[in-house]
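Novice: Structure file upload_13.cif (mmCIF, C-alpha atoms) is given on the next line.
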```cif
data_query
loop_
_atom_site.group_PDB
_atom_site.id
_atom_site.type_symbol
_atom_site.label_atom_id
_atom_site.label_comp_id
_atom_site.auth_asym_id
_atom_site.auth_seq_id
_atom_site.Cartn_x
_atom_site.Cartn_y
_atom_site.Cartn_z
ATOM 1 C CA MET A 22 0.000 0.000 0.000
ATOM 2 C CA ASP A 23 1.125 3.527 -0.709
ATOM 3 C CA PRO A 24 2.884 4.719 2.494
ATOM 4 C CA THR A 25 1.083 8.077 2.508
ATOM 5 C CA LEU A 26 -2.326 6.394 2.310
ATOM 6 C CA ALA A 27 -1.315 3.905 5.009
ATOM 7 C CA GLN A 28 -0.340 6.772 7.319
ATOM 8 C CA GLN A 29 -3.647 8.584 6.670
ATOM 9 C CA LEU A 30 -5.580 5.396 7.422
ATOM 10 C CA ARG A 31 -3.679 4.803 10.665
ATOM 11 C CA LYS A 32 -4.712 8.265 11.850
ATOM 12 C CA ARG A 33 -8.334 7.738 10.810
ATOM 13 C CA CYS A 34 -8.626 4.127 12.002
ATOM 14 C CA PRO A 35 -6.677 3.544 15.231
ATOM 15 C CA ALA A 36 -6.084 0.013 16.436
ATOM 16 C CA PRO A 37 -9.037 -1.211 18.571
ATOM 17 C CA SER A 38 -6.965 -1.175 21.757
ATOM 18 C CA ASN A 39 -5.993 2.490 21.092
ATOM 19 C CA SER A 40 -9.500 3.729 20.348
ATOM 20 C CA THR A 41 -11.064 5.747 23.132
ATOM 21 C CA THR A 42 -14.324 6.543 21.354
ATOM 22 C CA GLY A 43 -15.384 3.048 20.345
ATOM 23 C CA ALA A 44 -16.334 4.533 16.975
ATOM 24 C CA ASP A 45 -16.155 2.516 13.781
ATOM 25 C CA PRO A 46 -14.741 5.051 11.298
ATOM 26 C CA THR A 47 -15.770 5.028 7.678
ATOM 27 C CA VAL A 48 -13.307 5.746 4.881
ATOM 28 C CA GLN A 49 -13.833 6.137 1.160
ATOM 29 C CA LEU A 50 -12.884 3.272 -1.172
ATOM 30 C CA ASP A 51 -11.953 5.831 -3.852
ATOM 31 C CA VAL A 52 -9.651 8.513 -2.435
ATOM 32 C CA ILE A 53 -9.473 10.533 -5.680
ATOM 33 C CA THR A 54 -13.165 11.040 -6.513
ATOM 34 C CA PRO A 55 -15.180 9.494 -3.660
ATOM 35 C CA ASN A 56 -18.508 11.021 -4.716
ATOM 36 C CA ARG A 57 -18.264 10.397 -8.435
ATOM 37 C CA LEU A 58 -18.770 7.285 -10.548
ATOM 38 C CA ASP A 59 -15.687 7.100 -12.759
ATOM 39 C CA ASN A 60 -12.602 5.006 -13.504
ATOM 40 C CA LYS A 61 -10.390 6.583 -10.796
ATOM 41 C CA TYR A 62 -10.801 3.438 -8.692
ATOM 42 C CA TYR A 63 -8.509 1.733 -11.211
ATOM 43 C CA VAL A 64 -6.069 4.654 -11.181
ATOM 44 C CA ASN A 65 -5.907 4.198 -7.398
ATOM 45 C CA LEU A 66 -5.054 0.518 -7.815
ATOM 46 C CA LYS A 67 -2.206 1.321 -10.219
ATOM 47 C CA ASN A 68 -0.852 3.734 -7.584
ATOM 48 C CA TYR A 69 -1.145 1.120 -4.809
ATOM 49 C CA ARG A 70 -3.950 3.069 -3.176
ATOM 50 C CA GLY A 71 -6.506 0.263 -3.074
ATOM 51 C CA LEU A 72 -8.131 0.209 0.341
ATOM 52 C CA LEU A 73 -8.944 -3.499 0.472
ATOM 53 C CA THR A 74 -6.469 -6.297 -0.197
ATOM 54 C CA SER A 75 -9.009 -7.958 -2.474
ATOM 55 C CA ASP A 76 -9.204 -4.772 -4.566
ATOM 56 C CA GLN A 77 -5.450 -4.213 -4.742
ATOM 57 C CA THR A 78 -4.995 -7.816 -5.853
ATOM 58 C CA LEU A 79 -6.730 -6.898 -9.105
ATOM 59 C CA TRP A 80 -3.612 -4.866 -9.971
ATOM 60 C CA THR A 81 -1.006 -7.252 -8.589
ATOM 61 C CA SER A 82 -2.486 -10.401 -10.134
ATOM 62 C CA PRO A 83 -1.221 -11.219 -13.645
ATOM 63 C CA SER A 84 -4.683 -12.462 -14.626
ATOM 64 C CA THR A 85 -6.413 -9.101 -13.978
ATOM 65 C CA ALA A 86 -3.677 -6.430 -14.177
ATOM 66 C CA ARG A 87 -4.314 -5.860 -17.899
ATOM 67 C CA MET A 88 -7.973 -5.068 -17.206
ATOM 68 C CA VAL A 89 -7.015 -2.615 -14.435
ATOM 69 C CA ARG A 90 -4.481 -0.910 -16.707
ATOM 70 C CA SER A 91 -7.017 -0.581 -19.531
ATOM 71 C CA ASN A 92 -9.761 0.739 -17.249
ATOM 72 C CA ALA A 93 -7.380 3.271 -15.683
ATOM 73 C CA ILE A 94 -6.214 4.598 -19.049
ATOM 74 C CA HIS A 95 -9.465 4.500 -21.032
ATOM 75 C CA GLY A 96 -12.103 6.182 -18.864
ATOM 76 C CA ALA A 97 -14.631 6.555 -21.691
ATOM 77 C CA ASN A 98 -14.424 2.836 -22.527
ATOM 78 C CA TRP A 99 -14.855 1.987 -18.855
ATOM 79 C CA ALA A 100 -17.961 4.209 -18.686
ATOM 80 C CA ARG A 101 -19.506 2.527 -21.748
ATOM 81 C CA ASN A 102 -18.770 -0.959 -20.404
ATOM 82 C CA PHE A 103 -20.141 -0.044 -16.984
ATOM 83 C CA ALA A 104 -23.342 1.343 -18.510
ATOM 84 C CA ALA A 105 -23.795 -1.807 -20.601
ATOM 85 C CA ALA A 106 -23.300 -3.972 -17.512
ATOM 86 C CA MET A 107 -25.935 -1.985 -15.597
ATOM 87 C CA VAL A 108 -28.421 -2.410 -18.453
ATOM 88 C CA LYS A 109 -27.698 -6.141 -18.509
ATOM 89 C CA MET A 110 -28.173 -6.382 -14.738
ATOM 90 C CA GLY A 111 -31.512 -4.640 -15.173
ATOM 91 C CA SER A 112 -32.802 -7.734 -16.933
ATOM 92 C CA ILE A 113 -32.171 -9.945 -13.921
ATOM 93 C CA GLU A 114 -35.495 -11.152 -12.578
ATOM 94 C CA VAL A 115 -36.392 -9.651 -9.213
ATOM 95 C CA MET A 116 -37.525 -12.193 -6.650
ATOM 96 C CA THR A 117 -40.858 -11.347 -5.077
ATOM 97 C CA GLY A 118 -43.145 -12.825 -2.477
ATOM 98 C CA THR A 119 -41.777 -15.992 -0.932
ATOM 99 C CA GLN A 120 -39.029 -16.322 -3.591
ATOM 100 C CA GLY A 121 -36.831 -13.637 -2.066
ATOM 101 C CA GLU A 122 -36.352 -11.457 0.953
ATOM 102 C CA ILE A 123 -35.329 -7.959 1.921
ATOM 103 C CA ARG A 124 -32.734 -8.277 4.625
ATOM 104 C CA LYS A 125 -32.970 -6.066 7.678
ATOM 105 C CA ASN A 126 -29.245 -6.658 8.226
ATOM 106 C CA CYS A 127 -27.200 -7.478 5.100
ATOM 107 C CA ARG A 128 -24.976 -9.882 7.042
ATOM 108 C CA ILE A 129 -27.809 -12.000 8.394
ATOM 109 C CA VAL A 130 -30.469 -14.047 6.606
ATOM 110 C CA ASN A 131 -33.886 -13.090 8.035
#
```
Now that the file is in, can you turn its structure into structure tokens?

Specialist:
Amino acid sequence: MDPTLAQQLRKRCPAPSNSTTGADPTVQLDVITPNRLDNKYYVNLKNYRGLLTSDQTLWTSPSTARMVRSNAIHGANWARNFAAAMVKMGSIEVMTGTQGEIRKNCRIVN
């Protein structure tokens, strides 16, 4: 991880034994444009600024690094592909009635 980002996170997220507030801080997954839907997530990965190990692995893994590089460089292509994926997901059948459920807590099956 980028040392500057790591230092910022240590300040924002102290170790549990050092926390006096008991708060569970929230940090942005995209440090460049946190409130915008764009390809900067991939730029972050190329700069070793991925927040989660699973995200950063997309850049460090030979099987996915090419995709990260392409998405970081070609923002317009990423936007088109993302839009197409959202349209495709829109055709997924929504479960209703007894077929599905709305979870009150995402981590727990009702």

Novice: Which value, in Å to one decimal, gives the distance between CA of Tyr69 in chain A and CA of Arg33 in chain A?

Specialist: 18.4 Å

Novice: For the atom pair CA of Pro24 in chain A and CA of Ser91 in chain A, what is the interatomic distance in Å to one decimal place?

Specialist: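 Calculated distance between CA of Pro24 in chain A and CA of Ser91 in chain A is 24.7 Å.
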
Novice: What does the distance between CA of Leu73 in chain A and CA of Asp51 in chain A come to in Å, to one decimal place?

Specialist: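 That distance, rounded to one decimal, is 10.7 Å.
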
Novice: Take every atom of range 56-60 of chain A listed in the file, fit an axis-aligned box around them, add 6 Å per side, and give the centre and edge lengths in Å to one decimal as AutoDock Vina command-line options.

Specialist:
```
--center_x -15.7 --center_y 8.0 --center_z -9.1 --size_x 18.2 --size_y 18.0 --size_z 20.8
```

Novice: I need the residue set behind the PyMOL selection byres ((chain A and resi 63) around 10) for this file; please write it as an MDAnalysis selection string.

Specialist: chainID A and resid 51 59:62 64:71 76:77 79:80 86 88:94 96 99
